[in-house]
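structure-v8.txt, holding compact mmCIF, C-alpha atoms:
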# COMPACT_ATOMS: atom_id res chain seq x y z
CA ARG A 1 -96.04 -203.87 10.20
CA PRO A 2 -92.90 -204.83 8.22
CA SER A 3 -89.96 -205.87 10.36
CA ALA A 4 -86.28 -205.36 9.59
CA SER A 5 -83.92 -208.30 9.45
CA ARG A 6 -80.20 -208.53 8.80
CA SER A 7 -77.41 -211.00 8.31
CA SER A 8 -74.97 -211.01 11.19
CA PRO A 9 -71.70 -209.20 10.53
CA SER A 10 -69.94 -212.38 11.63
CA SER A 11 -71.09 -214.12 8.43
CA SER A 12 -68.34 -214.91 5.90
CA SER A 13 -68.22 -214.22 2.19
CA SER A 14 -65.45 -215.20 -0.22
CA ALA A 15 -64.20 -212.72 -2.81
CA ALA A 16 -64.14 -213.78 -6.46
CA ALA A 17 -60.80 -214.06 -8.20
CA ALA A 18 -61.54 -211.72 -11.07
CA ALA A 19 -61.05 -207.99 -10.69
CA ALA A 20 -64.20 -205.88 -10.76
CA ALA A 21 -64.70 -203.33 -13.51
CA THR A 22 -63.29 -199.94 -12.56
CA GLN A 23 -65.96 -197.82 -14.20
CA GLY A 24 -68.56 -196.29 -11.90
CA SER A 25 -72.22 -197.19 -11.93
CA THR A 26 -75.06 -195.00 -13.11
CA HIS A 27 -78.19 -195.01 -10.97
CA LEU A 28 -81.11 -194.21 -13.27
CA SER A 29 -83.42 -194.49 -10.25
CA SER A 30 -83.58 -196.31 -6.94
CA SER A 31 -84.64 -199.38 -8.92
CA VAL A 32 -82.06 -199.39 -11.74
CA ILE A 33 -78.24 -199.47 -11.72
CA ILE A 34 -76.22 -199.49 -14.97
CA ARG A 35 -72.53 -200.24 -15.32
CA ASP A 36 -71.12 -199.83 -18.82
CA ALA A 37 -67.84 -201.50 -19.84
CA PHE A 38 -68.53 -204.04 -17.11
CA VAL A 39 -65.54 -206.25 -17.93
CA PRO A 40 -62.48 -205.58 -20.11
CA ALA A 41 -63.57 -205.30 -23.74
CA LYS A 42 -61.33 -208.21 -24.79
CA GLN A 43 -63.10 -210.51 -22.33
CA ALA A 44 -66.57 -209.50 -23.53
CA GLN A 45 -65.53 -209.85 -27.16
CA ALA A 46 -64.23 -213.37 -26.52
CA LEU A 47 -67.64 -214.45 -25.23
CA ARG A 48 -69.44 -212.95 -28.20
CA GLN A 49 -66.95 -214.43 -30.66
CA HIS A 50 -67.52 -217.90 -29.22
CA PHE A 51 -71.24 -217.42 -29.85
CA LEU A 52 -70.65 -216.21 -33.41
CA ASP A 53 -68.30 -219.09 -34.19
CA THR A 54 -70.76 -221.65 -32.81
CA PHE A 55 -73.59 -220.42 -34.99
CA GLU A 56 -71.61 -219.66 -38.13
CA PRO A 57 -73.96 -220.50 -41.01
CA LYS A 58 -72.74 -223.89 -42.16
CA PRO A 59 -75.69 -225.87 -43.51
CA ALA A 60 -73.83 -229.17 -43.28
CA SER A 61 -72.62 -228.67 -39.71
CA LEU A 62 -73.88 -231.22 -37.17
CA SER A 63 -71.93 -229.87 -34.18
CA ALA A 64 -73.76 -230.69 -30.94
CA GLU A 65 -73.06 -227.15 -29.67
CA ARG A 66 -75.55 -225.78 -32.20
CA PHE A 67 -78.45 -227.80 -30.75
CA VAL A 68 -78.68 -226.02 -27.41
CA TRP A 69 -81.76 -223.83 -27.54
CA ASP A 70 -84.89 -224.16 -25.48
CA TYR A 71 -87.58 -222.31 -27.41
CA TRP A 72 -89.38 -220.90 -24.40
CA HIS A 73 -92.89 -219.85 -25.29
CA VAL A 74 -95.59 -219.02 -22.78
CA PRO A 75 -98.58 -217.58 -24.68
CA ASP A 76 -99.08 -213.86 -24.13
CA GLN A 77 -96.07 -213.70 -21.78
CA TYR A 78 -92.67 -214.98 -23.01
CA THR A 79 -91.16 -215.94 -26.35
CA LEU A 80 -87.38 -216.34 -26.60
CA LEU A 81 -84.50 -218.76 -27.12
CA ARG A 82 -82.54 -219.69 -24.00
CA THR A 83 -79.84 -222.07 -22.74
CA PRO A 84 -77.79 -222.41 -19.52
CA ALA A 85 -74.89 -219.98 -19.87
CA ASP A 86 -72.31 -222.00 -17.96
CA ASN A 87 -72.83 -225.01 -20.22
CA PHE A 88 -72.62 -222.97 -23.43
CA PHE A 89 -69.50 -220.96 -22.44
CA ARG A 90 -67.78 -223.63 -20.34
CA THR A 91 -64.49 -223.45 -22.28
CA SER A 92 -64.65 -219.82 -23.40
CA GLY A 93 -64.13 -217.50 -20.47
CA TRP A 94 -67.20 -218.37 -18.42
CA ASP A 95 -65.26 -218.60 -15.14
CA GLU A 96 -64.06 -215.02 -15.56
CA ILE A 97 -67.47 -213.48 -16.28
CA GLU A 98 -69.08 -215.50 -13.49
CA ALA A 99 -66.42 -214.28 -11.06
CA ALA A 100 -66.91 -210.68 -12.16
CA LEU A 101 -70.67 -210.93 -11.59
CA ILE A 102 -70.25 -212.49 -8.14
CA GLN A 103 -67.64 -209.91 -7.17
CA PHE A 104 -69.95 -207.08 -8.24
CA ALA A 105 -72.77 -208.64 -6.23
CA GLU A 106 -70.60 -208.93 -3.11
CA ARG A 107 -68.93 -205.53 -3.25
CA GLU A 108 -71.70 -203.36 -4.63
CA LEU A 109 -74.90 -205.06 -3.45
CA GLY A 110 -73.99 -207.23 -0.49
CA CYS A 111 -75.24 -210.41 -2.18
CA SER A 112 -73.12 -213.55 -1.91
CA ALA A 113 -74.71 -215.69 -4.62
CA MET A 114 -76.59 -215.64 -7.89
CA THR A 115 -79.07 -217.96 -9.50
CA PRO A 116 -78.02 -220.12 -12.48
CA VAL A 117 -77.48 -217.74 -15.38
CA TRP A 118 -79.36 -217.98 -18.68
CA LEU A 119 -78.00 -217.07 -22.09
CA SER A 120 -80.97 -215.79 -24.09
CA CYS A 121 -81.33 -214.71 -27.69
CA TYR A 122 -84.18 -212.67 -29.16
CA VAL A 123 -84.91 -212.65 -32.88
CA ASP A 124 -87.98 -211.55 -34.81
CA GLY A 125 -91.11 -212.02 -32.68
CA CYS A 126 -89.32 -212.63 -29.37
CA VAL A 127 -90.62 -210.70 -26.39
CA GLN A 128 -91.11 -210.64 -22.64
CA HIS A 129 -94.33 -208.95 -21.63
CA LEU A 130 -94.47 -207.10 -18.32
CA HIS A 131 -94.05 -209.30 -15.25
CA ALA A 132 -92.35 -209.32 -11.82
CA ASP A 133 -89.85 -211.87 -10.41
CA VAL A 134 -90.26 -211.50 -6.66
CA PRO A 135 -89.00 -214.82 -5.20
CA HIS A 136 -85.63 -215.26 -6.93
CA GLY A 137 -83.53 -212.57 -5.24
CA PRO A 138 -83.49 -208.87 -4.27
CA TRP A 139 -81.79 -207.80 -7.52
CA ALA A 140 -82.14 -209.02 -11.09
CA PHE A 141 -79.48 -208.44 -13.74
CA VAL A 142 -79.03 -208.39 -17.50
CA TYR A 143 -75.55 -208.45 -19.04
CA SER A 144 -75.55 -207.71 -22.76
CA LEU A 145 -73.45 -209.31 -25.49
CA THR A 146 -75.61 -207.65 -28.16
CA GLU A 147 -73.85 -205.80 -30.97
CA TRP A 148 -75.28 -202.43 -29.97
CA ASP A 149 -73.62 -199.25 -28.78
CA GLU A 150 -73.81 -195.52 -29.36
CA ASN A 151 -72.23 -195.93 -32.80
CA THR A 152 -73.64 -199.30 -33.88
CA ARG A 153 -77.34 -199.99 -34.25
CA PRO A 154 -78.57 -203.60 -34.39
CA GLU A 155 -80.40 -205.11 -37.34
CA PHE A 156 -83.68 -205.12 -35.41
CA THR A 157 -86.02 -202.80 -33.58
CA GLY A 158 -87.11 -203.35 -29.98
CA GLY A 159 -85.03 -205.37 -27.53
CA GLU A 160 -84.91 -202.74 -24.79
CA THR A 161 -85.48 -203.73 -21.18
CA GLN A 162 -88.71 -202.05 -20.12
CA MET A 163 -89.58 -201.02 -16.57
CA LEU A 164 -92.62 -199.21 -15.27
CA ARG A 165 -91.61 -195.79 -14.02
CA ALA A 166 -92.12 -194.85 -10.38
CA GLU A 167 -94.61 -192.23 -11.50
CA THR A 168 -96.65 -194.93 -13.22
CA LEU A 169 -96.65 -197.18 -10.19
CA ASP A 170 -97.86 -194.24 -8.08
CA TYR A 171 -99.97 -192.71 -10.83
CA TRP A 172 -102.82 -191.10 -8.93
CA ARG A 173 -100.59 -189.52 -6.31
CA GLY A 174 -98.74 -187.82 -9.14
CA TRP A 175 -102.03 -186.79 -10.68
CA PHE A 176 -103.04 -184.91 -7.57
CA ASP A 177 -99.52 -183.51 -7.09
CA GLY A 178 -99.53 -181.63 -10.38
CA GLY A 179 -99.51 -184.44 -12.91
CA ALA A 180 -102.97 -183.57 -14.18
CA ALA A 181 -101.90 -180.05 -15.11
CA LYS A 182 -98.77 -181.35 -16.84
CA MET A 183 -100.75 -183.92 -18.83
CA SER A 184 -103.18 -181.27 -19.98
CA GLU A 185 -100.21 -179.55 -21.64
CA THR A 186 -98.13 -182.44 -22.94
CA GLY A 187 -100.24 -185.61 -22.74
CA LEU A 188 -98.66 -188.92 -21.74
CA ASN A 189 -96.66 -191.12 -24.11
CA GLN A 190 -94.94 -194.47 -23.73
CA ASP A 191 -91.63 -193.00 -22.55
CA GLY A 192 -93.48 -191.29 -19.72
CA ILE A 193 -94.95 -194.61 -18.60
CA VAL A 194 -92.12 -197.06 -19.22
CA GLU A 195 -88.38 -196.63 -18.82
CA MET A 196 -86.43 -198.07 -21.79
CA ILE A 197 -82.89 -199.41 -21.25
CA GLN A 198 -80.92 -200.32 -24.34
CA PRO A 199 -78.81 -203.51 -24.10
CA HIS A 200 -75.52 -201.94 -25.13
CA PHE A 201 -72.61 -204.33 -25.57
CA ASN A 202 -70.76 -205.09 -22.30
CA ARG A 203 -73.42 -203.28 -20.25
CA LEU A 204 -74.61 -204.67 -16.92
CA THR A 205 -78.10 -203.56 -15.90
CA VAL A 206 -79.21 -204.35 -12.35
CA PHE A 207 -82.77 -203.68 -11.24
CA ASP A 208 -85.41 -204.30 -8.61
CA PRO A 209 -87.32 -207.38 -9.87
CA ARG A 210 -90.43 -206.36 -7.92
CA VAL A 211 -90.96 -203.57 -10.44
CA PRO A 212 -92.97 -204.82 -13.46
CA HIS A 213 -90.53 -205.22 -16.35
CA GLY A 214 -90.14 -206.91 -19.70
CA VAL A 215 -88.36 -206.84 -23.06
CA ARG A 216 -89.82 -204.88 -25.96
CA GLU A 217 -90.69 -207.15 -28.87
CA VAL A 218 -87.86 -207.64 -31.34
CA ARG A 219 -88.71 -207.07 -34.99
CA GLY A 220 -86.30 -207.63 -37.87
CA THR A 221 -83.53 -210.21 -38.02
CA ARG A 222 -84.12 -213.94 -37.71
CA ASP A 223 -80.37 -214.62 -37.50
CA VAL A 224 -79.37 -215.46 -33.91
CA ARG A 225 -75.92 -213.97 -34.61
CA LYS A 226 -77.57 -210.58 -35.10
CA GLY A 227 -80.26 -210.72 -32.41
CA ARG A 228 -80.51 -209.47 -28.84
CA LEU A 229 -78.01 -211.62 -26.90
CA VAL A 230 -77.91 -211.36 -23.10
CA LEU A 231 -76.94 -213.16 -19.92
CA HIS A 232 -79.48 -212.78 -17.15
CA GLY A 233 -80.32 -213.99 -13.66
CA TRP A 234 -80.76 -212.78 -10.09
CA PHE A 235 -78.35 -211.84 -7.31
CA SER A 236 -79.37 -213.53 -4.08
CA ALA A 237 -78.38 -214.37 -0.49
CA PRO A 238 -77.79 -210.90 1.04
CA THR A 239 -74.66 -211.31 3.16
CA PRO A 240 -72.11 -208.86 4.62
CA PHE A 241 -68.87 -208.69 2.65
CA TYR A 242 -65.50 -207.68 4.09
CA GLU A 243 -62.19 -206.70 2.54
CA GLY A 244 -59.05 -205.35 4.17
CA ALA A 245 -56.98 -205.50 7.33
CA LEU A 246 -59.78 -206.40 9.77
CA ALA A 247 -61.17 -209.22 7.63
CA THR A 248 -60.30 -212.75 8.67
CA ALA A 249 -58.64 -215.32 6.43
CA ASP A 250 -61.98 -217.05 5.77
CA GLY A 251 -63.63 -213.82 4.61
CA GLY A 252 -65.32 -213.02 7.92
CA LEU A 253 -64.74 -210.21 10.38
CA GLU A 254 -62.95 -210.11 13.72
CA ASP A 255 -65.46 -210.76 16.51
CA SER A 256 -64.73 -207.50 18.31
CA VAL A 257 -65.37 -205.51 15.15
CA ALA A 258 -68.59 -207.39 14.38
CA GLU A 259 -69.83 -206.62 17.89
CA ILE A 260 -69.20 -202.88 17.43
CA ILE A 261 -71.37 -202.94 14.30
CA ASN A 262 -74.10 -204.92 16.06
CA VAL A 263 -74.14 -202.39 18.90
CA ALA A 264 -74.82 -199.64 16.35
CA LEU A 265 -77.47 -201.65 14.50
CA GLU A 266 -79.61 -202.70 17.47
CA PRO A 267 -80.99 -199.23 18.36
CA LEU A 268 -81.23 -198.38 14.65
CA PHE A 269 -83.52 -201.31 13.92
CA SER A 270 -85.58 -200.57 17.01
CA MET A 271 -86.03 -196.96 15.90
CA LEU A 272 -86.89 -197.87 12.30
CA SER A 273 -89.53 -200.34 13.52
CA ASP A 274 -91.36 -197.59 15.46
CA PRO A 275 -94.39 -196.57 13.33
CA ASP A 276 -94.56 -193.24 15.16
CA MET A 277 -91.11 -192.35 13.81
CA TYR A 278 -90.88 -194.01 10.39
CA ALA A 279 -93.32 -195.33 7.82
CA PRO A 280 -93.30 -199.10 7.18
CA ILE A 281 -90.74 -199.89 4.52
CA VAL A 282 -89.70 -202.94 2.48
CA GLY A 283 -86.66 -203.72 0.36
CA ILE A 284 -82.90 -203.82 0.74
CA CYS A 285 -80.38 -201.05 1.42
CA SER A 286 -76.71 -201.93 0.96
CA VAL A 287 -74.18 -199.67 2.66
CA ARG A 288 -70.39 -199.35 2.35
CA MET A 289 -68.38 -198.61 5.50
CA ARG A 290 -64.69 -197.82 5.36
CA ILE A 291 -62.62 -198.10 8.52
CA GLY A 292 -59.22 -196.43 8.34
CA ALA A 293 -55.97 -197.92 9.58
CA GLU A 294 -56.07 -195.56 12.55
CA GLY A 295 -59.40 -197.00 13.74
CA GLY A 296 -61.94 -194.84 15.55
CA THR A 297 -65.15 -194.00 13.70
CA PRO A 298 -65.59 -194.93 10.01
CA THR A 299 -63.91 -192.62 7.52
CA GLU A 300 -66.75 -193.16 5.04
CA VAL A 301 -70.30 -194.50 5.09
CA ARG A 302 -72.49 -194.33 1.98
CA VAL A 303 -75.42 -196.09 0.38
CA LEU A 304 -74.29 -198.29 -2.52
CA ALA A 305 -77.67 -199.54 -3.69
CA SER A 306 -81.16 -199.28 -2.32
CA ASN A 307 -84.56 -200.43 -3.53
CA LEU A 308 -86.39 -199.44 -0.35
CA LYS A 309 -90.04 -198.65 -0.83
CA ALA A 310 -92.18 -196.86 1.77
CA HIS A 311 -95.81 -197.72 2.46
CA PRO A 312 -97.97 -196.07 -0.24
CA GLY A 313 -100.04 -194.42 2.47
CA SER A 314 -97.06 -192.25 3.45
CA ASP A 315 -97.37 -188.54 2.83
CA ASP A 316 -94.21 -188.58 0.70
CA VAL A 317 -92.82 -192.02 -0.14
CA VAL A 318 -89.54 -190.66 -1.52
CA GLU A 319 -88.88 -188.58 1.59
CA GLU A 320 -89.65 -191.57 3.79
CA GLN A 321 -87.20 -193.76 1.86
CA GLN A 322 -84.51 -191.10 2.05
CA ALA A 323 -85.14 -190.63 5.77
CA VAL A 324 -84.54 -194.33 6.42
CA GLU A 325 -81.36 -194.31 4.31
CA LYS A 326 -80.10 -191.24 6.20
CA ALA A 327 -80.84 -192.89 9.57
CA ILE A 328 -78.81 -195.93 8.50
CA VAL A 329 -75.86 -193.82 7.36
CA ASP A 330 -75.95 -191.66 10.50
CA ALA A 331 -76.03 -194.66 12.85
CA LEU A 332 -73.11 -196.40 11.15
CA SER A 333 -71.12 -193.17 10.80
CA SER A 334 -71.10 -192.72 14.57
CA SER A 335 -70.27 -196.37 15.32
CA GLY A 336 -67.02 -197.30 16.99
CA PRO A 337 -64.41 -196.90 18.18
CA PHE A 338 -62.90 -199.49 15.86
CA PRO A 339 -59.40 -200.84 16.54
CA SER A 340 -56.38 -199.65 14.59
CA SER A 341 -54.94 -202.01 12.00
CA GLU A 342 -52.34 -202.33 9.25
CA GLY A 343 -54.63 -200.81 6.61
CA HIS A 344 -58.17 -199.79 5.82
CA THR A 345 -61.14 -202.17 5.80
CA ASP A 346 -64.20 -201.99 3.53
CA ILE A 347 -67.46 -203.50 4.80
CA THR A 348 -70.55 -203.95 2.64
CA LEU A 349 -73.68 -204.35 4.76
CA PRO A 350 -77.00 -205.36 3.17
CA LEU A 351 -79.90 -204.39 5.44
CA VAL A 352 -83.11 -206.20 4.53
CA PHE A 353 -86.56 -204.92 5.49
CA GLU A 354 -89.52 -207.28 5.20

Would it be possible to restate this file's structure as structure tokens?
Amino acid sequence: RPSASRSSPSSSSSAAAAAAATQGSTHLSSSVIIRDAFVPAKQAQALRQHFLDTFEPKPASLSAERFVWDYWHVPDQYTLLRTPADNFFRTSGWDEIEAALIQFAERELGCSAMTPVWLSCYVDGCVQHLHADVPHGPWAFVYSLTEWDENTRPEFTGGETQMLRAETLDYWRGWFDGGAAKMSETGLNQDGIVEMIQPHFNRLTVFDPRVPHGVREVRGTRDVRKGRLVLHGWFSAPTPFYEGALATADGGLEDSVAEIINVALEPLFSMLSDPDMYAPIVGICSVRMRIGAEGGTPTEVRVLASNLKAHPGSDDVVEEQQAVEKAIVDALSSSGPFPSSEGHTDITLPLVFE
């Protein structure tokens, strides 16, 4: 049966220098998180402008910056242009966007690292067919620099991130739970099988890379300045993240506080590993705890992001996932007493089930 593992709350994690975007995230499902206006518009525009300036149509230009693309073509799977993002943007605000991505990963997901980031461009004929990226990290991300928003349509069709819907992945259960009757009335079209996420400018899309996903084929422009332009990679290394009065100077947590959390987690993990109480489950559930200046029990405990998936043999996989998330929140909500301090402390705990 799957076992649950965790990083010790005594682990350290350094905060990035850049401020995180203030806008809230939209959870389209347990597998997809969207944050629009991810960084200040001026910062996003500077990155896009550097790209536009580099590829300004000058037939006589021999600038080395123009000769950066790897034409990545795997027959019947991938076709796109790509280049390492840090090398391309090294003098044009890359440090700031990298810091914002890492800070989001730490605060919102409990991940302390990310894989090297690609800058990819999709023009006519470029596509990613459905696939899954299991080994790279628990969350994948796409950050868009494409000229596309609610008021501006690109000069191409396609380009959306595609993900198989939960109903598709569990198709026959849905069939027997009323899906057959619904299909007899409405049929089943592409939007009922695949979720489409438009790459709006300055939008960060985070998703569970275990779910089959891809990019719908781009048709139209052959000008890279007008194509689908995105940064993408994976958030990795699930690690607790601490901010506030009880955090140590090196980004860790006071030993006495870490021990209080461990005392709450031990019986929780034992209970969740009991097959008579909970269905086997895999994935990651990241939780935010807030400890007030007065100490005692946490003033807030909530799930930030979760891609937990229950065993398909469960009677109700969604209920099983929610039951595990509730057990985590309940256990941490009753933890303590924590010591008083000069201010509140926020703790992001990623709990990994394998």

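Closest approach to Asn151 of chain A among A:His200, A:Ala247, A:Arg219, A:Trp139: A:His200, based on only C-alpha atoms.
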
### Query
When you draw a straight line from atom CA of Trp234 of chain A to atom CA of Phe201 of chain A, how long is it in Å?
19.4 Å

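Among A:Trp69, A:Tyr78, A:Phe141, A:Phe338, the residue with the shortest atom-to-atom distance to Ser31 of chain A, counting all atoms listed in the file, is A:Phe141.
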
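Here the question is which of A:Glu300, A:His311, A:Ala113, A:Val127 gets nearest to Phe235 of chain A using all atoms listed in the file, and that residue is A:Ala113.
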
Which residues of segment 207-257 of chain A have any atom within 8 Å of an atom in segment 152-159 of chain A when counting only C-alpha atoms, and what is the closest pair of atoms for each, with the distance in Å to one decimal? Order the rows by chain and rising number and write it as a tab-separated table.
residue	atom	partner	partner_atom	distance
A:Val215	CA	A:Gly159	CA	5.8
A:Arg216	CA	A:Gly159	CA	5.1
A:Glu217	CA	A:Gly158	CA	5.3
A:Val218	CA	A:Gly158	CA	4.6
A:Arg219	CA	A:Thr157	CA	5.2
A:Gly220	CA	A:Phe156	CA	4.4
A:Thr221	CA	A:Phe156	CA	5.7
A:Lys226	CA	A:Glu155	CA	6.6
A:Gly227	CA	A:Phe156	CA	7.2
A:Arg228	CA	A:Gly159	CA	6.2

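Across the structure, atom CA of Asp124 of chain A and atom CA of Ala37 of chain A are spaced 27.0 Å apart.
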